[in-house]
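File shown: run.tsv (TSV, C-alpha atoms and all ligand atoms).
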```
chain	number	residue	atom	x	y	z
A	1	MET	CA	4.69	-25.15	40.72
A	2	ALA	CA	5.31	-27.14	37.60
A	3	ILE	CA	8.67	-26.94	35.86
A	4	GLU	CA	8.59	-24.33	33.14
A	5	ILE	CA	10.67	-24.69	29.96
A	6	LYS	CA	11.00	-21.46	27.99
A	7	PRO	CA	12.74	-21.59	24.61
A	8	LEU	CA	15.36	-18.86	24.23
A	9	PRO	CA	13.84	-15.84	22.50
A	10	PRO	CA	14.76	-15.35	18.84
A	11	GLN	CA	17.56	-12.86	18.25
A	12	GLU	CA	17.95	-10.58	15.29
A	13	GLY	CA	20.35	-12.00	12.74
A	14	ARG	CA	20.41	-15.39	14.41
A	15	ASP	CA	18.95	-18.57	12.99
A	16	THR	CA	19.40	-20.98	15.88
A	17	ASP	CA	16.67	-23.41	16.85
A	18	PHE	CA	17.98	-24.69	20.17
A	19	GLY	CA	18.32	-23.64	23.79
A	20	ALA	CA	15.77	-23.08	26.56
A	21	GLU	CA	15.60	-21.66	30.07
A	22	VAL	CA	14.20	-23.76	32.90
A	23	TYR	CA	12.27	-22.37	35.86
A	24	ASN	CA	10.67	-23.74	39.05
A	25	VAL	CA	13.07	-26.56	39.67
A	26	ASP	CA	15.06	-27.53	42.78
A	27	LEU	CA	18.19	-29.22	41.49
A	28	GLU	CA	19.27	-30.26	45.00
A	29	ASN	CA	16.13	-32.35	45.38
A	30	LEU	CA	15.03	-33.65	42.00
A	31	SER	CA	12.17	-36.12	41.93
A	32	ASP	CA	12.12	-38.81	39.27
A	33	SER	CA	9.38	-37.01	37.39
A	34	ASP	CA	11.30	-33.69	37.55
A	35	PHE	CA	14.30	-35.45	36.15
A	36	GLU	CA	12.21	-37.00	33.39
A	37	THR	CA	10.97	-33.53	32.42
A	38	ILE	CA	14.52	-32.13	32.36
A	39	HIS	CA	15.85	-35.15	30.49
A	40	ASN	CA	13.30	-34.79	27.70
A	41	ALA	CA	13.65	-31.01	27.59
A	42	LEU	CA	17.42	-31.32	27.26
A	43	TYR	CA	17.26	-33.63	24.26
A	44	LYS	CA	14.60	-31.48	22.60
A	45	ASN	CA	16.46	-28.19	23.24
A	46	LEU	CA	20.12	-29.34	23.33
A	47	VAL	CA	21.05	-26.60	25.82
A	48	LEU	CA	19.20	-25.84	29.07
A	49	VAL	CA	19.93	-22.79	31.20
A	50	PHE	CA	18.91	-22.88	34.87
A	51	LYS	CA	19.10	-19.34	36.29
A	52	ASN	CA	20.06	-18.42	39.89
A	53	GLN	CA	21.84	-21.65	40.84
A	54	SER	CA	24.73	-20.05	42.79
A	55	HIS	CA	23.75	-22.14	45.82
A	56	LEU	CA	24.08	-25.45	43.95
A	57	SER	CA	26.48	-27.83	45.69
A	58	PRO	CA	29.19	-29.66	43.72
A	59	LYS	CA	27.49	-32.87	44.88
A	60	ALA	CA	24.15	-31.86	43.35
A	61	GLN	CA	25.91	-30.84	40.15
A	62	TYR	CA	27.58	-34.23	39.98
A	63	THR	CA	24.34	-36.04	40.82
A	64	LEU	CA	22.42	-34.24	38.07
A	65	THR	CA	25.16	-34.96	35.53
A	66	ASN	CA	25.41	-38.59	36.61
A	67	ARG	CA	21.66	-39.08	36.41
A	68	PHE	CA	21.84	-38.80	32.64
A	69	ASP	CA	24.15	-41.80	32.60
A	70	PRO	CA	24.21	-43.79	35.84
A	71	SER	CA	26.81	-46.21	34.43
A	72	ALA	CA	29.28	-43.33	33.97
A	73	GLN	CA	31.89	-42.87	36.67
A	74	THR	CA	35.13	-41.56	35.23
A	75	TYR	CA	35.79	-37.95	34.42
A	76	GLY	CA	34.97	-37.35	30.76
A	77	HIS	CA	38.39	-36.32	29.49
A	78	GLY	CA	40.19	-39.13	31.28
A	79	THR	CA	42.71	-37.39	33.54
A	80	SER	CA	43.35	-40.75	35.17
A	81	ILE	CA	45.66	-41.54	32.27
A	82	PRO	CA	49.08	-41.31	33.95
A	83	THR	CA	50.69	-39.22	31.24
A	84	ALA	CA	47.83	-36.73	31.06
A	85	LYS	CA	50.17	-33.95	32.20
A	86	LYS	CA	51.44	-33.79	28.64
A	87	SER	CA	47.90	-33.35	27.41
A	88	ILE	CA	46.83	-29.95	26.11
A	89	LEU	CA	43.81	-30.11	28.45
A	90	HIS	CA	45.80	-30.50	31.65
A	91	PRO	CA	46.65	-26.90	32.61
A	92	ASP	CA	43.05	-25.73	32.46
A	93	LEU	CA	41.58	-28.02	35.10
A	94	LYS	CA	41.48	-28.13	38.90
A	95	THR	CA	39.50	-30.75	40.78
A	96	VAL	CA	37.12	-30.05	43.68
A	97	PRO	CA	38.73	-32.08	46.52
A	98	HIS	CA	35.46	-33.30	48.04
A	99	GLN	CA	33.77	-33.96	44.67
A	100	PRO	CA	36.52	-35.05	42.27
A	101	GLN	CA	34.18	-35.45	39.30
A	102	VAL	CA	33.69	-31.67	39.32
A	103	GLN	CA	36.42	-29.37	38.01
A	104	VAL	CA	37.01	-25.70	38.63
A	105	ILE	CA	37.93	-23.70	35.55
A	106	GLY	CA	38.13	-19.99	34.87
A	107	HIS	CA	40.60	-17.15	34.99
A	108	GLY	CA	42.72	-15.33	37.55
A	109	PHE	CA	43.84	-15.85	41.12
A	110	VAL	CA	41.37	-17.39	43.57
A	111	PRO	CA	42.41	-17.42	47.26
A	112	GLU	CA	39.87	-20.08	48.24
A	113	TYR	CA	37.05	-21.99	46.62
A	114	GLU	CA	35.44	-25.31	47.65
A	115	GLY	CA	38.52	-26.43	49.54
A	116	LEU	CA	40.99	-25.35	46.85
A	117	LYS	CA	43.45	-22.75	48.11
A	118	ASN	CA	45.49	-20.14	46.24
A	119	ILE	CA	44.67	-21.44	42.80
A	120	GLN	CA	45.65	-19.72	39.61
A	121	LEU	CA	43.13	-20.29	36.84
A	122	LYS	CA	43.79	-19.65	33.20
A	123	HIS	CA	41.13	-19.10	30.56
A	124	PRO	CA	42.43	-20.73	27.39
A	125	HIS	CA	43.64	-18.02	25.03
A	126	HIS	CA	43.58	-18.58	21.28
A	127	LYS	CA	47.23	-17.46	20.98
A	128	THR	CA	48.26	-20.69	22.72
A	129	PHE	CA	46.49	-22.83	20.13
A	130	HIS	CA	45.96	-20.90	16.89
A	131	ARG	CA	48.85	-20.65	14.45
A	132	ASP	CA	48.28	-16.93	13.87
A	133	ALA	CA	47.05	-14.89	16.82
A	134	ILE	CA	45.29	-11.54	16.93
A	135	PRO	CA	47.94	-8.87	17.62
A	136	GLU	CA	48.44	-8.07	21.31
A	137	GLU	CA	47.19	-4.47	21.02
A	138	LYS	CA	43.83	-5.64	19.64
A	139	ASP	CA	43.49	-8.49	22.09
A	140	LEU	CA	40.94	-6.93	24.45
A	141	ASP	CA	38.58	-5.87	21.66
A	142	PHE	CA	38.81	-8.86	19.34
A	143	THR	CA	38.69	-12.56	19.93
A	144	ARG	CA	38.28	-15.97	18.30
A	145	PHE	CA	36.63	-19.32	18.83
A	146	TYR	CA	39.39	-21.01	20.78
A	147	ARG	CA	38.64	-24.62	19.87
A	148	TRP	CA	35.40	-26.18	18.64
A	149	HIS	CA	34.96	-29.53	20.31
A	150	ILE	CA	32.93	-32.25	21.93
A	151	ASP	CA	33.89	-32.95	25.54
A	152	ALA	CA	35.52	-36.34	25.15
A	153	ALA	CA	38.75	-38.25	25.77
A	154	LEU	CA	38.32	-39.93	22.33
A	155	TYR	CA	40.61	-42.74	23.45
A	156	GLU	CA	39.56	-45.60	25.71
A	157	LEU	CA	36.57	-43.69	27.11
A	158	TYR	CA	33.25	-43.01	25.42
A	159	PRO	CA	32.09	-39.41	24.88
A	160	PRO	CA	30.11	-38.05	27.85
A	161	LYS	CA	26.38	-37.68	27.25
A	162	VAL	CA	26.00	-34.30	28.94
A	163	THR	CA	28.10	-31.55	30.46
A	164	THR	CA	27.10	-29.13	33.21
A	165	LEU	CA	28.75	-25.74	33.63
A	166	LEU	CA	28.02	-23.45	36.58
A	167	ALA	CA	29.02	-19.79	36.47
A	168	VAL	CA	30.17	-18.89	39.97
A	169	THR	CA	31.97	-15.59	39.30
A	170	VAL	CA	31.63	-13.69	36.03
A	171	PRO	CA	33.36	-10.42	35.15
A	172	LYS	CA	30.79	-8.41	33.25
A	173	GLY	CA	30.58	-5.37	31.11
A	174	ARG	CA	32.73	-5.86	28.09
A	175	ARG	CA	31.87	-7.23	24.70
A	176	GLN	CA	34.28	-8.39	22.05
A	177	THR	CA	34.18	-8.83	18.31
A	178	LEU	CA	34.89	-12.38	17.32
A	179	LEU	CA	36.84	-12.69	14.10
A	180	TYR	CA	36.67	-15.71	11.82
A	181	ASP	CA	39.82	-14.54	9.99
A	182	ASP	CA	39.39	-17.19	7.31
A	183	GLY	CA	38.79	-14.87	4.38
A	184	SER	CA	35.01	-15.01	4.82
A	185	GLY	CA	34.89	-11.59	6.50
A	186	GLU	CA	32.46	-13.04	9.04
A	187	THR	CA	32.41	-11.60	12.55
A	188	LEU	CA	30.26	-12.05	15.64
A	189	ASP	CA	29.59	-9.66	18.49
A	190	VAL	CA	29.99	-11.64	21.74
A	191	PRO	CA	29.86	-11.03	25.48
A	192	LEU	CA	33.22	-11.38	27.23
A	193	GLY	CA	34.05	-15.01	27.95
A	194	THR	CA	31.01	-16.45	26.21
A	195	THR	CA	30.69	-20.14	25.55
A	196	ALA	CA	29.68	-20.61	21.93
A	197	PHE	CA	27.41	-23.47	20.89
A	198	VAL	CA	26.36	-24.78	17.51
A	199	SER	CA	23.89	-27.56	16.86
A	200	GLY	CA	25.21	-30.77	15.37
A	201	GLU	CA	21.68	-31.39	14.16
A	202	ARG	CA	21.71	-28.17	12.16
A	203	MET	CA	25.21	-29.00	10.97
A	204	TYR	CA	23.79	-32.22	9.52
A	205	GLU	CA	20.59	-30.64	8.17
A	206	ILE	CA	22.37	-28.08	6.00
A	207	LEU	CA	24.60	-30.61	4.26
A	208	SER	CA	23.90	-31.43	0.62
A	209	ASP	CA	22.26	-34.79	-0.16
A	210	GLU	CA	25.61	-36.07	-1.37
A	211	GLU	CA	27.34	-35.00	1.84
A	212	LYS	CA	24.58	-36.57	3.93
A	213	GLU	CA	25.12	-39.85	2.15
A	214	PHE	CA	28.85	-39.58	2.79
A	215	VAL	CA	28.52	-38.82	6.50
A	216	ASN	CA	25.77	-41.39	7.09
A	217	GLY	CA	28.09	-44.15	5.98
A	218	SER	CA	31.36	-42.84	7.38
A	219	ARG	CA	33.09	-43.27	10.70
A	220	VAL	CA	35.89	-41.22	12.18
A	221	GLU	CA	38.98	-42.73	13.69
A	222	TYR	CA	40.53	-40.55	16.37
A	223	ALA	CA	44.22	-40.41	17.15
A	224	PRO	CA	45.34	-42.46	20.14
A	225	HIS	CA	45.94	-40.17	23.15
A	226	PRO	CA	44.71	-37.35	20.92
A	227	TYR	CA	45.43	-34.42	23.25
A	228	ILE	CA	49.04	-35.51	23.61
A	229	TRP	CA	49.32	-36.38	19.91
A	230	MET	CA	48.24	-32.82	18.95
A	231	ASN	CA	50.11	-30.89	21.63
A	232	GLN	CA	52.52	-29.29	19.14
A	233	CYS	CA	49.84	-28.68	16.48
A	234	ARG	CA	48.44	-25.27	15.60
A	235	ALA	CA	44.82	-24.46	14.88
A	236	LEU	CA	43.02	-22.66	12.08
A	237	PRO	CA	41.74	-19.15	12.86
A	238	THR	CA	38.16	-20.45	13.15
A	239	GLY	CA	39.24	-22.87	15.92
A	240	LEU	CA	37.70	-25.59	13.76
A	241	GLY	CA	40.56	-28.04	13.44
A	242	LEU	CA	44.28	-27.96	12.80
A	243	TYR	CA	46.77	-27.07	10.14
A	244	SER	CA	48.54	-30.06	8.63
A	245	GLU	CA	52.19	-29.18	9.08
A	246	GLY	CA	53.57	-32.47	10.32
A	247	ARG	CA	53.60	-31.37	13.95
A	248	GLU	CA	51.64	-34.34	15.32
A	249	LEU	CA	53.70	-36.46	17.71
A	250	PRO	CA	54.81	-39.73	16.12
A	251	LEU	CA	52.87	-42.66	17.60
A	252	SER	CA	56.17	-44.01	18.96
A	253	ASP	CA	56.45	-40.91	21.17
A	254	LEU	CA	52.99	-41.38	22.68
A	255	PRO	CA	52.23	-43.37	25.82
A	256	GLU	CA	51.64	-47.04	25.15
A	257	ILE	CA	48.88	-47.57	22.62
A	258	ASP	CA	46.31	-50.29	23.08
A	259	GLU	CA	44.73	-50.74	19.64
A	260	SER	CA	41.47	-51.84	21.24
A	261	LYS	CA	41.16	-48.45	22.92
A	262	ILE	CA	41.37	-46.42	19.71
A	263	GLN	CA	37.97	-44.88	19.05
A	264	ILE	CA	36.28	-45.24	15.71
A	265	LEU	CA	32.96	-43.44	16.04
A	266	PRO	CA	30.13	-42.70	13.61
A	267	MET	CA	30.06	-39.24	12.07
A	268	VAL	CA	26.33	-39.07	12.69
A	269	TRP	CA	24.94	-39.56	16.18
A	270	LYS	CA	21.25	-39.98	16.93
A	271	ASN	CA	19.35	-37.90	19.46
A	272	PRO	CA	18.05	-40.40	22.06
A	273	VAL	CA	14.67	-38.64	22.43
A	274	THR	CA	13.86	-37.06	19.05
A	275	GLY	CA	15.87	-39.43	16.87
A	276	ASN	CA	17.34	-36.44	15.00
A	277	PRO	CA	20.74	-37.07	13.40
A	278	ALA	CA	23.64	-34.82	14.41
A	279	LEU	CA	26.99	-34.44	12.70
A	280	GLN	CA	29.40	-34.91	15.60
A	281	ILE	CA	33.10	-34.82	14.84
A	282	HIS	CA	35.90	-33.49	17.03
A	283	PRO	CA	37.80	-31.69	14.28
A	284	SER	CA	41.17	-31.44	16.02
A	285	ALA	CA	41.43	-35.09	17.01
A	286	VAL	CA	40.45	-36.76	13.72
A	287	ARG	CA	43.02	-39.02	12.11
A	288	LYS	CA	41.26	-41.24	9.56
A	289	ILE	CA	37.89	-41.67	7.88
A	290	HIS	CA	36.44	-45.15	7.42
A	291	ARG	CA	34.04	-45.19	4.47
A	292	ALA	CA	30.91	-47.27	4.05
A	293	ASP	CA	32.62	-49.45	1.44
A	294	GLY	CA	35.35	-50.42	3.89
A	295	SER	CA	38.00	-48.14	2.41
A	296	VAL	CA	39.96	-45.84	4.69
A	297	ILE	CA	41.05	-42.27	3.99
A	298	ASP	CA	44.27	-41.94	5.96
A	299	ASP	CA	45.98	-38.91	4.47
A	300	LEU	CA	45.69	-36.50	7.40
A	301	ALA	CA	45.49	-33.29	5.35
A	302	THR	CA	42.73	-34.80	3.20
A	303	VAL	CA	40.84	-36.04	6.25
A	304	ARG	CA	40.98	-32.60	7.87
A	305	ASP	CA	39.95	-30.90	4.67
A	306	ILE	CA	36.89	-33.12	4.27
A	307	VAL	CA	35.82	-32.59	7.88
A	308	TYR	CA	36.34	-28.83	7.65
A	309	LYS	CA	34.12	-28.52	4.57
A	310	LEU	CA	31.39	-30.50	6.31
A	311	GLN	CA	31.50	-28.44	9.51
A	312	ARG	CA	32.41	-24.90	8.50
A	313	PRO	CA	28.99	-23.79	7.15
A	314	ALA	CA	27.34	-24.52	10.51
A	315	ILE	CA	29.64	-22.28	12.56
A	316	SER	CA	28.68	-19.17	10.58
A	317	PRO	CA	27.46	-16.37	12.86
A	318	LYS	CA	23.74	-16.97	12.35
A	319	TYR	CA	24.01	-20.55	13.62
A	320	VAL	CA	26.00	-19.74	16.75
A	321	TYR	CA	24.46	-19.30	20.18
A	322	PRO	CA	26.94	-17.36	22.34
A	323	HIS	CA	25.70	-17.74	25.90
A	324	ASP	CA	25.85	-14.50	27.88
A	325	TRP	CA	26.89	-15.84	31.28
A	326	GLU	CA	25.37	-14.45	34.44
A	327	GLU	CA	26.48	-15.53	37.90
A	328	GLY	CA	24.36	-18.47	38.99
A	329	ASP	CA	23.69	-19.80	35.48
A	330	LEU	CA	23.88	-23.55	35.31
A	331	VAL	CA	24.09	-24.68	31.71
A	332	LEU	CA	23.37	-28.31	30.92
A	333	PHE	CA	24.15	-29.33	27.36
A	334	HIS	CA	23.75	-32.39	25.12
A	335	ASN	CA	27.39	-33.15	24.44
A	336	ARG	CA	26.50	-35.68	21.74
A	337	GLY	CA	24.39	-33.20	19.78
A	338	LEU	CA	26.40	-29.97	19.89
A	339	LEU	CA	29.84	-28.54	19.34
A	340	HIS	CA	31.04	-25.82	21.66
A	341	SER	CA	33.98	-23.50	22.07
A	342	VAL	CA	35.60	-21.36	24.69
A	343	VAL	CA	35.77	-17.74	23.52
A	344	GLY	CA	37.39	-14.57	24.76
A	345	ALA	CA	40.40	-13.03	26.37
A	346	PHE	CA	40.27	-11.67	29.91
A	347	GLY	CA	42.28	-8.72	31.07
A	348	GLU	CA	44.40	-8.24	34.17
A	349	GLY	CA	42.27	-8.56	37.31
A	350	GLU	CA	39.24	-10.06	35.58
A	351	VAL	CA	38.46	-13.14	37.68
A	352	ARG	CA	36.16	-15.84	36.51
A	353	ILE	CA	35.22	-19.04	38.36
A	354	PHE	CA	33.23	-21.86	36.75
A	355	ARG	CA	32.46	-25.41	37.77
A	356	GLN	CA	32.33	-28.11	35.13
A	357	CYS	CA	31.21	-31.71	35.25
A	358	ASN	CA	31.01	-34.40	32.62
A	359	LEU	CA	31.45	-38.12	32.85
A	360	ALA	CA	32.77	-40.59	30.30
A	361	ALA	CA	29.78	-42.59	29.16
A	362	GLY	CA	29.16	-46.22	29.93
A	363	GLU	CA	28.26	-46.84	26.31
A	364	SER	CA	29.34	-45.80	22.83
A	365	VAL	CA	27.23	-43.72	20.46
B	1	FE	FE	34.27	-28.31	26.59
```

Represent the structure contained in this file as structure tokens.
Amino acid sequence: MAIEIKPLPPQEGRDTDFGAEVYNVDLENLSDSDFETIHNALYKNLVLVFKNQSHLSPKAQYTLTNRFDPSAQTYGHGTSIPTAKKSILHPDLKTVPHQPQVQVIGHGFVPEYEGLKNIQLKHPHHKTFHRDAIPEEKDLDFTRFYRWHIDAALYELYPPKVTTLLAVTVPKGRRQTLLYDDGSGETLDVPLGTTAFVSGERMYEILSDEEKEFVNGSRVEYAPHPYIWMNQCRALPTGLGLYSEGRELPLSDLPEIDESKIQILPMVWKNPVTGNPALQIHPSAVRKIHRADGSVIDDLATVRDIVYKLQRPAISPKYVYPHDWEEGDLVLFHNRGLLHSVVGAFGEGEVRIFRQCNLAAGESV
């Protein structure tokens, strides 16, 4: 049977134009032509959902991810950096012993999984990152976007091309109301523990002509060791970047900085198949903006403000695809054409197990 690609059905109140489900494919044994089909479908749809993949081995997950970028070897967030323990990403990740490029993430106590024993997983909760959290008593009913991001180290290593996420165990049943809490009054009904996606292509499309001109010519400089640099910072209630309160670690307190490893990346990245431009900025890690005329905006509050205004319209509810995870879903997404966020707060005894793989790219954007 030929591989079938079915665009996600339209949903009332939603104006998203990405995402598709894929059927009739054996991910353990992908022929070159199967891979070609998936490759093109991914870049056309940005997110692909393969249903019923519970049997997928960590090796096959790695192989699929790696096939998008054979030159990629290192884990995408760069945990090989010796001081990564200070990084805000560190507590959320456990590595599969026999397939170290694949991480186990989730929530709750897991006695045994893929050679890992007695592991305690923790779903990131917005109260650990946002400046102002939803009050405890409302925590099971209401939630936030935890942190909008691209999967990327943003120092030394290039942003991964794709990420794969496999839902192994999913607690079902509850829904939550996601609050923007930014004065807009916007809310979004979401399944518990959804992963929220927005299209960077749409984010670009809805900019004004003036903004497009600005972003086309601008590059973003990221902080060195950004996840250590920001580890005392607090996020906005939309999870779209940080407050500027002087809480960034001084560069002298960071691990050694090699200037040549600082990443200065375009704001606009091009889809390798369709050529569509996408606005791709990691809002929490930005430090400076380099303009087309060679000038540099280096006032952090101004930089964050500019980026926020460019990105905020595209995370409004109608542009968000909150994936409703079912056990066995393998989601493959175009990390250089989307922003995504963890969402949700699990209760006592709600156990979730996911496997994630992404690989720092062999080339820049
Ligand atoms: Fe991520």

Check which residues fall inside 7 Å of ligand FE 1 (chain B) when counting all atoms listed in the file, and print them as JSON, numbers by chain. {"A": [149, 150, 151, 340, 341]}

In Å and to one decimal, atom CA of A:Ile134 is distant from atom CA of A:Val351 by 21.9 Å

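Comparing the minimum interatomic distances between A:Val215 and each of A:Val307, A:Pro171, A:Leu188, A:Pro283, counting all atoms listed in the file, we find that A:Val307 sits nearest.
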
Take the point (39.4, -25.3, 45.6) as written in the file and pick out every residue within 10 Å of it, counting only C-alpha atoms; give the list as number ranges by chain. A: 94-98, 103-104, 110-119

Atom pair atom CA of A:Leu154 + atom CA of A:Arg131, distance 23.3 Å

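Atom pair atom CA of A:Asn45 / atom CA of A:Ala278: separated by 13.2 Å.
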
Leaving out A:Gly241 and any residue of its chain fewer than 3 positions from it, which residues lie within 7 Å of it when counting only C-alpha atoms, given as a count of residues only?
4

One residue among A:Pro255, A:Gly193, A:Tyr180, A:Asn29 is nearest to A:Leu56 when using all atoms listed in the file, and that residue is A:Asn29
